[in-house]
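One file, upload36.txt, carrying compact mmCIF, C-alpha atoms:
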# COMPACT_ATOMS: atom_id res chain seq x y z
CA MET G 585 25.50 -78.73 152.57
CA ALA G 586 23.52 -80.16 149.67
CA PHE G 587 19.79 -79.64 149.53
CA GLU G 588 17.74 -82.79 149.67
CA PHE G 589 15.05 -83.02 146.98
CA LEU G 590 11.76 -84.26 148.37
CA PRO G 591 9.48 -85.68 145.68
CA PRO G 592 5.80 -84.85 146.04
CA GLU G 593 3.65 -87.46 147.70
CA MET G 594 1.93 -89.61 145.10
CA THR G 595 -1.74 -90.14 145.92
CA TRP G 596 -2.63 -91.70 142.54
CA THR G 597 -5.73 -89.57 142.35
CA THR G 598 -6.65 -87.55 139.28
CA HIS G 599 -6.34 -83.82 139.79
CA CYS G 600 -6.55 -81.53 136.76
CA GLY G 601 -7.45 -78.32 138.54
CA ASP G 602 -5.26 -75.21 138.65
CA ALA G 603 -3.00 -74.98 141.70
CA PRO G 604 -0.12 -72.79 142.88
CA THR G 605 3.49 -73.89 142.53
CA PHE G 606 5.78 -74.52 145.47
CA GLY G 607 9.51 -74.74 146.15
CA ARG G 608 12.61 -72.68 146.86
CA PHE G 609 13.63 -69.54 144.96
CA SER G 610 16.46 -70.21 142.54
CA THR G 611 18.93 -67.41 141.76
CA MET G 612 20.26 -69.15 138.63
CA PHE G 613 19.44 -67.83 135.17
CA ASP G 614 18.42 -71.01 133.42
CA TYR G 615 15.81 -72.28 131.00
CA PRO G 616 12.66 -73.81 132.54
CA THR G 617 12.05 -77.49 131.88
CA LYS G 618 9.30 -78.38 129.46
CA GLY G 619 7.36 -81.16 131.17
CA ILE G 620 6.41 -84.02 128.84
CA THR G 621 5.36 -86.71 131.30
CA GLN G 622 3.33 -87.11 134.45
CA ALA G 623 4.93 -90.40 135.43
CA SER G 624 6.04 -90.75 139.04
CA THR G 625 9.39 -92.11 137.84
CA TYR G 626 11.28 -91.16 134.72
CA PRO G 627 12.61 -94.31 132.99
CA LYS G 628 16.24 -94.34 131.81
CA GLU G 629 15.23 -95.22 128.26
CA ALA G 630 12.84 -92.28 128.04
CA CYS G 631 13.40 -89.31 125.72
CA GLN G 632 15.69 -86.54 126.92
CA PRO G 633 13.77 -83.65 128.53
CA TRP G 634 13.23 -80.47 126.52
CA LEU G 635 13.94 -76.91 127.61
CA HIS G 636 11.78 -73.89 126.82
CA TYR G 637 13.84 -71.84 124.34
CA ASN G 638 10.85 -70.27 122.60
CA MET G 639 7.89 -69.61 124.85
CA ARG G 640 4.48 -68.00 124.38
CA LEU G 641 2.64 -66.53 127.37
CA GLY G 642 -0.72 -64.85 127.64
CA ASN G 643 0.39 -62.55 130.46
CA LEU G 644 3.70 -62.12 132.25
CA ALA G 645 4.15 -60.47 135.63
CA VAL G 646 7.72 -59.51 136.61
CA ASP G 647 8.11 -58.63 140.29
CA THR G 648 11.56 -57.02 140.16
CA ASN G 649 13.78 -56.79 137.08
CA LEU G 650 13.36 -57.62 133.41
CA GLN G 651 16.52 -58.18 131.37
CA VAL G 652 16.49 -58.18 127.57
CA GLY G 653 19.66 -59.82 126.28
CA ALA G 654 19.36 -58.81 122.62
CA THR G 655 16.36 -57.21 120.91
CA GLY G 656 12.92 -56.65 122.38
CA VAL G 657 10.17 -56.88 119.75
CA TYR G 658 6.83 -55.48 120.92
CA GLY G 659 3.57 -55.84 119.03
CA GLY G 660 1.71 -53.38 121.23
CA ASN G 661 2.43 -50.57 123.67
CA VAL G 662 5.06 -50.43 126.38
CA THR G 663 3.50 -48.59 129.32
CA ALA G 664 5.58 -47.27 132.21
CA PRO G 665 5.51 -44.34 134.67
CA LEU G 666 8.84 -43.23 133.21
CA PHE G 667 11.15 -45.25 131.00
CA ILE G 668 14.90 -44.78 131.17
CA GLY G 669 17.14 -47.03 129.14
CA ASP G 670 17.40 -48.73 125.80
CA LEU G 671 15.52 -51.90 124.99
CA GLN G 672 18.03 -52.55 122.22
CA GLY G 673 21.29 -51.93 123.99
CA THR G 674 22.72 -49.94 126.84
CA ALA G 675 21.49 -46.70 128.29
CA SER G 676 24.93 -45.14 127.95
CA GLY G 677 24.46 -44.99 124.17
CA ASN G 678 21.67 -43.63 122.01
CA LYS G 679 18.16 -44.72 122.97
CA SER G 680 16.57 -45.97 119.78
CA PHE G 681 13.95 -48.13 118.16
CA ASP G 682 14.33 -50.13 114.97
CA ILE G 683 11.40 -51.19 112.76
CA PRO G 684 10.86 -52.61 109.26
CA HIS G 685 10.44 -50.03 106.48
CA VAL G 686 6.73 -49.63 105.77
CA THR G 687 6.91 -49.40 101.97
CA GLN G 688 10.33 -50.83 101.07
CA PRO G 689 10.70 -54.54 101.93
CA GLY G 690 14.19 -55.53 103.00
CA LYS G 691 14.93 -52.14 104.52
CA ARG G 692 14.61 -50.93 108.09
CA ILE G 693 14.20 -47.59 109.86
CA ARG G 694 16.07 -46.62 113.02
CA HIS G 695 15.16 -43.52 115.03
CA VAL G 696 16.87 -42.18 118.11
CA CYS G 697 14.61 -41.10 120.99
CA ALA G 698 14.67 -37.56 122.31
CA GLU G 699 16.13 -37.29 125.78
CA GLY G 700 16.51 -34.61 128.40
CA PRO G 701 16.50 -33.83 132.12
CA GLU G 702 12.72 -34.26 132.44
CA ALA G 703 9.85 -36.54 131.45
CA GLY G 704 8.83 -34.26 128.60
CA ILE G 705 5.67 -34.72 126.53
CA TYR G 706 4.30 -32.58 123.72
CA VAL G 707 1.46 -31.76 121.36
CA ARG G 708 1.87 -30.14 117.96
CA GLY G 709 -0.27 -29.05 115.03
CA ARG G 710 -1.34 -26.15 112.84
CA LEU G 711 -3.27 -23.10 113.96
CA THR G 712 -5.26 -21.38 111.19
CA GLY G 713 -7.87 -18.65 111.45
CA LYS G 714 -8.03 -18.64 115.25
CA ASN G 715 -5.85 -17.59 118.15
CA THR G 716 -6.20 -20.35 120.75
CA ILE G 717 -4.49 -23.73 121.17
CA GLU G 718 -6.56 -26.14 123.25
CA LEU G 719 -4.28 -28.31 125.41
CA PRO G 720 -5.24 -31.94 126.19
CA ASP G 721 -7.66 -32.51 129.05
CA TYR G 722 -5.56 -35.44 130.29
CA TRP G 723 -2.70 -33.05 131.09
CA GLU G 724 -4.57 -31.86 134.20
CA GLY G 725 -2.90 -33.38 137.26
CA LEU G 726 -0.36 -35.16 135.06
CA VAL G 727 1.99 -32.30 134.16
CA ASP G 728 3.65 -29.28 135.74
CA ILE G 729 1.78 -26.46 134.00
CA ASP G 730 4.47 -23.95 135.03
CA SER G 731 6.89 -25.79 132.72
CA ILE G 732 4.84 -25.27 129.53
CA THR G 733 6.77 -23.84 126.59
CA VAL G 734 5.35 -22.89 123.17
CA THR G 735 7.13 -22.72 119.81
CA LEU G 736 5.41 -21.03 116.84
CA THR G 737 6.42 -21.14 113.17
CA GLN G 738 4.55 -18.65 110.99
CA ILE G 739 3.38 -19.78 107.55
CA GLY G 740 3.30 -17.70 104.38
CA SER G 741 4.12 -14.28 105.79
CA SER G 742 5.56 -12.52 108.79
CA GLN G 743 2.86 -12.23 111.45
CA ASP G 744 4.85 -11.16 114.51
CA LEU G 745 3.33 -13.99 116.58
CA ILE G 746 3.28 -13.63 120.35
CA VAL G 747 2.16 -15.97 123.13
CA GLU G 748 -0.27 -13.70 124.92
CA SER G 749 -1.13 -16.02 127.80
CA ILE G 750 -1.36 -19.61 128.97
CA ASP G 751 -4.60 -19.89 130.92
CA TRP G 752 -4.87 -22.54 133.68
CA GLY G 753 -2.58 -24.86 131.73
CA LYS G 754 -5.47 -25.54 129.36
CA VAL G 755 -5.49 -22.85 126.67
CA VAL G 756 -2.66 -21.03 124.91
CA LYS G 757 -3.68 -17.64 123.48
CA ILE G 758 -1.74 -16.30 120.49
CA LYS G 759 -1.83 -12.79 119.04
CA SER G 760 -0.34 -11.16 115.97
CA GLY G 761 1.65 -7.96 116.47
CA THR G 762 0.78 -6.93 112.88
CA ALA G 763 -2.94 -7.79 113.22
CA SER G 764 -2.48 -10.46 110.54
CA ASN G 765 -4.64 -13.55 110.21
CA ILE G 766 -2.87 -16.25 112.20
CA ASP G 767 -1.52 -19.22 110.26
CA CYS G 768 1.27 -21.13 111.98
CA PHE G 769 2.62 -24.45 113.12
CA TYR G 770 2.85 -24.90 116.88
CA GLU G 771 4.62 -27.20 119.30
CA VAL G 772 3.84 -27.22 123.01
CA TRP G 773 6.13 -29.06 125.47
CA VAL G 774 5.59 -29.70 129.14
CA ALA G 775 7.27 -31.73 131.91
CA ARG G 776 5.23 -34.61 133.29
CA TYR G 777 5.33 -35.20 137.03
CA ILE G 778 7.65 -38.06 137.98
CA ASN G 779 5.22 -38.92 140.77
CA ARG G 780 1.72 -37.38 140.67
CA GLU G 781 1.35 -37.97 144.40
CA LYS G 782 4.56 -36.00 145.05
CA PRO G 783 4.63 -33.22 142.42
CA GLU G 784 7.65 -31.62 144.09
CA GLU G 785 9.84 -34.63 143.25
CA LYS G 786 12.40 -33.86 140.55
CA LEU G 787 14.72 -35.98 138.45
CA HIS G 788 18.29 -36.34 139.74
CA VAL G 789 20.12 -36.01 136.43
CA VAL G 790 23.66 -36.60 137.75
CA TYR G 791 24.29 -38.57 140.95
CA ASN G 792 27.02 -40.55 142.69
CA GLY G 793 26.84 -44.29 142.20
CA GLU G 794 28.00 -47.43 140.45
CA SER G 795 24.58 -48.61 139.20
CA PRO G 796 20.95 -47.42 138.98
CA ALA G 797 20.43 -48.94 142.44
CA ASP G 798 22.38 -45.96 143.85
CA TYR G 799 19.85 -43.43 142.50
CA PRO G 800 19.13 -40.99 145.38
CA GLY G 801 15.41 -40.73 144.60
CA ASN G 802 12.62 -43.29 144.56
CA ASN G 803 13.56 -45.96 142.02
CA ASP G 804 9.98 -47.27 142.07
CA ASP G 805 9.06 -44.33 139.82
CA PHE G 806 11.30 -45.60 137.02
CA ILE G 807 11.77 -48.58 134.75
CA VAL G 808 15.47 -48.83 134.01
CA GLY G 809 16.55 -50.60 130.85
CA GLY G 810 20.09 -51.60 130.03
CA PHE G 811 23.01 -49.78 131.63
CA GLN G 812 26.80 -49.87 131.79
Whole structure given in structure tokens:
Amino acid sequence: MAFEFLPPEMTWTTHCGDAPTFGRFSTMFDYPTKGITQASTYPKEACQPWLHYNMRLGNLAVDTNLQVGATGVYGGNVTAPLFIGDLQGTASGNKSFDIPHVTQPGKRIRHVCAEGPEAGIYVRGRLTGKNTIELPDYWEGLVDIDSITVTLTQIGSSQDLIVESIDWGKVVKIKSGTASNIDCFYEVWVARYINREKPEEKLHVVYNGESPADYPGNNDDFIVGGFQ
């Protein structure tokens, strides 16, 4: 049964205010029409309608899924509770980003993102002349402090460096077994909660299914990119 198109009632009154759209949901992936006339009838001799191929938007809200067919170019930050996937391809391959070379025009740089069975975040730096590493304040309530790991690389000489304690998930205390002055690089990793409201929730790394829709946990906690 064909749907009957009902044209809007023409009142011939000027109305330039903002108003919501109306109509049925279409499941077709198609280009939106670029309106170039407000006439009640479209004459046969008129120009052919245009389609939006390039489009600029101030803000875009996507209720369900966002599909990127080729390359996503982002001028700012991509913010998500947890991102799984590859904005440049499929999640079954290497997750990467590709940017122009900063100092060599005509060249590009491609890096592959680290991946693992957790939403891992880190801080790193150099510790010189003191024995404490101050961890970020914003980690409180965001990360599982029991998952903190510390890697130390001594500089200049052997110092027999030891992680003495990790206090309240806020301070890492280092000591030297040879009583040397501490000079080292450090890297501290920790697993971020998938859902801060449910800290016990863990990532299901391997699960039965044909698509991400079969994930046994709460898919609302993830943004899934491409997949095969």
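Distances here use all atoms listed in the file; by that measure, the residue among G:Leu650, G:Lys754, G:Trp773, G:Asp728 closest to Glu785 of chain G is G:Asp728.
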Quick one: everything within 9 Å of Ile705 of chain G, counting all atoms listed in the file, minus sequence neighbours fewer than 4 positions away in the same chain. Send it as a list in words.
->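 Contacts, in chain order: Val727, Val772, Trp773, Val774, Ala775 and Arg776 of chain G.
Going from atom CA of Tyr799 of chain G over to atom CA of Ile778 of chain G, you cover 14.1 Å.
Distance check against Leu719 of chain G using only C-alpha atoms: of G:Glu794, G:Glu784, G:Asp751, G:Asp647, the minimum falls on G:Asp751.
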